[in-house]
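Visitor: Below you'll find the structure I mean.
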Amino acid sequence: MEVTERALEAQDLYRFYWAGDEETLALRGVSVAVSPGEVVAVVGPSGSGKSTLLSCLAGLDEPSGGTVWVGGERMSHRPEKVRAGLRAAKIGILLQTSSLFDHLTVAGNIRLSRSLAPKGTGGSSVGDLLESLGIRDRSNAFPPQLSGGESARAGLAVALANDPPVILADEPTGELDEETERRLLALLTLRASDGGAVLVASHSPAVRKAADRVITLSDGRVTDEV
């Protein structure tokens with residue numbers, strides 16, 4: 001089966017973990033879909049399965065059951081090398097804590113991300129990408145030299161380095177002040193208006209307000225979707 005009308009789709013995801021004889025059910029039949037141009041928020045208390053869901057959607061973790069498609073291609077239940085290639089080409093990942101390498105400049109982090117993607121992948125030049133996010137003048141700065149807002153935008157630049165159709169963000173505003181959070185959410189919304197599919201897992205009321213749809217997880221299950 002191939003899914004083409006959705007940028008991202010997951011059907012009946014289950015994820016089980018074992019610690020000795022004890023089983024933890026992190027996901028219990030979760031299905032989600034995100035269309036191009038849409039911002040979807042995934043909310044729920046700590047331990048509800050939000051981060052596990054994003055890991056499975058990104059191909060960083062394999063679901064115990066169910067299937068994930070990204071841009072019409074199956075992500076789940078394939079070799080890690082295949083998943084890594086799909087992830088580099090089709091998914092930008094934005095985390096709460098910086099995913100930047102401290103020994104590389106902002107521009108160097110972007111170039112590294114592009115080097116991991118298949119040939120022919122990529123969008124605008126590094127300078128133009130940083131210009132669009134308002135930090136072109138920080139291209140030669142190292143991550144420890146950045147302010148919190150600059151670091152958040154640099155992380156987004158790395159997530160957008162290969163012009164992916166999907167952005168997955170896990171608590172991206174958790175360590176930001178209110179104004180920086182507002183600006184980052186505006187950039188994510190702008191990405192969606194340009195045709196990107198954005199899924200954000202967060203506790204933040206501001207993220208919920210900015211989203212087109214809100215999916216609520218509890219105990220590994222979808223309990224509400226509005």
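Going by the structure tokens order, chains are called A, B, ..., each with residues numbered from 1, while ligands are numbered from 1 in the order shown.
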Let's see if you can do this: from backbone DSSP, list all strand (DSSP E or B) residues in region 7-226 of chain A, as a ChimeraX atom specification.

Guide: /A:8-19,22-34,39-43,65-70,73-74,91-95,166-170,197-201,213-218,221-225

Visitor: Quick one: everything within 7 Å of Ser139 (chain A), counting only C-alpha atoms, minus sequence neighbours fewer than 6 positions away in the same chain. Send it as a PyMOL selection string.

Guide: chain A and resi 105-107

Visitor: Go ahead and save the residues from that selection, with N, CA, C and O atoms, as a short mmCIF file (atom, residue, chain, number, x, y, z; two decimals), in the first residue's frame.

Guide:
data_model
loop_
_atom_site.label_atom_id
_atom_site.label_comp_id
_atom_site.auth_asym_id
_atom_site.auth_seq_id
_atom_site.Cartn_x
_atom_site.Cartn_y
_atom_site.Cartn_z
N THR A 105 30.27 25.49 13.01
CA THR A 105 29.52 26.73 12.93
C THR A 105 28.08 26.42 12.53
O THR A 105 27.73 25.29 12.16
N VAL A 106 27.23 27.45 12.59
CA VAL A 106 25.85 27.28 12.15
C VAL A 106 25.81 26.80 10.70
O VAL A 106 25.11 25.84 10.37
N ALA A 107 26.59 27.45 9.84
CA ALA A 107 26.64 27.04 8.44
C ALA A 107 27.19 25.63 8.31
O ALA A 107 26.72 24.84 7.48
#

Visitor: Extract, using only C-alpha atoms, all DNA, RNA and protein residues at most 10 Å from Ser193 (chain A), discarding same-chain residues fewer than 6 positions from it, and format them as a PyMOL selection string.

Guide: chain A and resi 36-39+187

Visitor: Keeping only N, CA and C atoms, write those residues as an mmCIF file, in the first residue's frame.

Guide:
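The result, stored in result_16.cif:
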data_model
loop_
_atom_site.group_PDB
_atom_site.id
_atom_site.type_symbol
_atom_site.label_atom_id
_atom_site.label_comp_id
_atom_site.auth_asym_id
_atom_site.auth_seq_id
_atom_site.Cartn_x
_atom_site.Cartn_y
_atom_site.Cartn_z
ATOM 1 N N PRO A 36 -0.010 18.227 3.596
ATOM 2 C CA PRO A 36 0.766 19.418 3.267
ATOM 3 C C PRO A 36 -0.013 20.681 3.635
ATOM 4 N N GLY A 37 0.682 21.658 4.216
ATOM 5 C CA GLY A 37 0.042 22.901 4.590
ATOM 6 C C GLY A 37 -0.613 22.893 5.948
ATOM 7 N N GLU A 38 -0.387 21.838 6.721
ATOM 8 C CA GLU A 38 -1.092 21.676 7.994
ATOM 9 C C GLU A 38 -0.117 21.650 9.162
ATOM 10 N N VAL A 39 -0.522 22.287 10.271
ATOM 11 C CA VAL A 39 0.201 22.193 11.540
ATOM 12 C C VAL A 39 -0.660 21.387 12.502
ATOM 13 N N LEU A 187 7.427 30.877 12.487
ATOM 14 C CA LEU A 187 8.246 30.299 11.424
ATOM 15 C C LEU A 187 7.724 28.917 11.024
#

Visitor: With distances taken over only C-alpha atoms, which residue among A:Pro63, A:Cys56, A:Glu131, A:Ala41 lies nearest Pro172 (chain A)?

Guide: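 Result for the nearest residue to Pro172 (chain A): A:Ala41.
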
Visitor: CA of Val166 (chain A) and CA of Asp194 (chain A), how far apart in Å?

Guide: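 For CA of Asp194 (chain A) relative to CA of Val166 (chain A), the distance reads 11.6 Å.
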